[in-house]
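Printed here is data04.cif (mmCIF, C-alpha atoms):
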data_structure
loop_
_atom_site.label_atom_id
_atom_site.label_comp_id
_atom_site.auth_asym_id
_atom_site.auth_seq_id
_atom_site.Cartn_x
_atom_site.Cartn_y
_atom_site.Cartn_z
CA MET A 1 -2.02 -12.78 7.30
CA THR A 2 0.80 -11.22 5.31
CA ARG A 3 4.40 -12.28 4.96
CA PRO A 4 7.10 -10.13 3.37
CA THR A 5 8.91 -11.90 0.57
CA GLU A 6 12.58 -10.98 0.53
CA GLY A 7 13.61 -9.21 -2.69
CA SER A 8 10.02 -8.71 -3.80
CA THR A 9 7.15 -6.28 -3.28
CA THR A 10 4.67 -9.21 -3.14
CA MET A 11 3.70 -9.62 0.49
CA CYS A 12 0.11 -10.78 0.24
CA ASP A 13 -1.34 -14.12 1.30
CA HIS A 14 -4.90 -13.03 0.52
CA SER A 15 -6.97 -14.96 -2.00
CA PRO A 16 -7.33 -13.54 -4.54
CA GLN A 17 -3.97 -11.83 -4.13
CA CYS A 18 -3.96 -8.05 -3.66
CA PRO A 19 -2.46 -5.87 -6.40
CA THR A 20 1.30 -5.33 -6.25
CA ALA A 21 2.82 -1.93 -5.54
CA GLY A 22 3.40 -1.47 -9.29
CA ASP A 23 -0.22 -2.08 -10.33
CA ASP A 24 -2.58 0.79 -11.17
CA ALA A 25 -4.96 -0.45 -8.45
CA CYS A 26 -2.21 -0.77 -5.82
CA CYS A 27 -4.13 1.32 -3.28
CA SER A 28 -6.94 -1.27 -3.12
CA ALA A 29 -4.75 -3.76 -1.20
CA HIS A 30 -5.60 -4.71 2.39
CA VAL A 31 -4.56 -2.36 5.21
CA THR A 32 -2.00 -3.95 7.54
CA ALA A 33 -1.20 -0.92 9.71
CA ASP A 34 -3.79 1.81 10.26
CA HIS A 35 -2.39 5.05 11.62
CA SER A 36 -5.25 7.29 10.50
CA GLU A 37 -4.73 9.41 13.64
CA GLN A 38 -1.36 10.32 12.08
CA GLY A 39 -2.73 10.56 8.53
CA TRP A 40 -1.38 7.36 6.96
CA CYS A 41 -1.81 3.61 6.61
CA ARG A 42 0.35 0.79 5.22
CA LEU A 43 -1.02 -1.76 2.81
CA CYS A 44 0.00 -5.42 2.48
CA ASN A 45 1.87 -4.64 -0.77
CA GLY A 46 4.15 -2.18 1.03
CA VAL A 47 2.43 1.00 -0.22
CA ILE A 48 1.89 3.77 2.34
CA VAL A 49 -1.23 5.86 1.71
CA PHE A 50 -1.40 9.38 3.13
CA ASP A 51 -4.54 11.39 3.88
CA ASP A 52 -3.23 14.33 1.81
CA GLY A 53 -3.84 12.52 -1.49
CA PHE A 54 -0.44 10.90 -2.07
CA TYR A 55 0.99 7.44 -1.65
CA LEU A 56 4.53 6.18 -1.32
CA THR A 57 5.70 3.02 -3.07
CA PRO A 58 8.18 0.60 -1.47
CA ASP A 59 10.90 1.83 -3.84
CA GLY A 60 10.47 5.40 -2.56
CA HIS A 61 8.39 7.01 -5.31
CA SER A 62 5.69 9.46 -4.26
CA VAL A 63 2.55 9.32 -6.41
CA VAL A 64 -0.69 11.34 -6.44
CA LEU A 65 -3.76 9.22 -5.69
CA PRO A 66 -6.05 8.97 -8.71
CA ARG A 67 -9.26 10.96 -8.32
CA SER A 68 -12.59 9.15 -8.35
CA ALA A 69 -14.99 10.10 -11.13
#
Since I need it in another form, could you write the structure as structure tokens?
Amino acid sequence: MTRPTEGSTTMCDHSPQCPTAGDDACCSAHVTADHSEQGWCRLCNGVIVFDDGFYLTPDGHSVVLPRSA
């Protein structure tokens, strides 16, 4: 279960807690809304991951997903 925390990007009740939107591993957080039919999903830290290789942070920054080695 996730609960948004007002004034914060920490919304995770998981144990151990998922990475925040500012962490390098932010895209490894739990999916809370899967809209893969539309090409995106929302994670419990507020990040939106798109199928085209980008993600959007809660503060509105668009970032390229890191490539796997």
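Using the PyMOL selection byres ((chain A and resi 34-38) around 10) on the file at hand returns these residues: A:Val31, A:Thr32, A:Ala33, A:Gly39, A:Trp40, A:Cys41, A:Arg42, A:Leu43, A:Ile48, A:Val49, A:Phe50, A:Asp51.
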I'd like the residues picked by the PyMOL selection byres ((chain A and resi 57) around 7) written out as a list in words, using the chain letters and numbers from the file. Ala21, Gly46, Val47, Ile48, Tyr55, Leu56, Pro58, Asp59, Gly60, His61 and Ser62 of chain A
Report the residues retrieved by the PyMOL selection byres ((chain A and resi 15) around 12) from the displayed file, expressed as a list of chain:residue names. A:Met1, A:Thr2, A:Cys12, A:Asp13, A:His14, A:Pro16, A:Gln17, A:Cys18, A:Pro19, A:Ala29, A:His30
Around all of stretch 24-38 of chain A's listed atoms, make the axis-aligned box with 3 Å on each side and tell me centre and edge lengths in Å to one decimal, as AutoDock Vina command-line options.
--center_x -4.1 --center_y 2.8 --center_z 1.2 --size_x 11.7 --size_y 21.0 --size_z 30.8
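The closest residue to A:Leu65, picked from A:Cys26, A:Thr20, A:Gly53, A:Cys44 and counting all atoms listed in the file, is A:Gly53.
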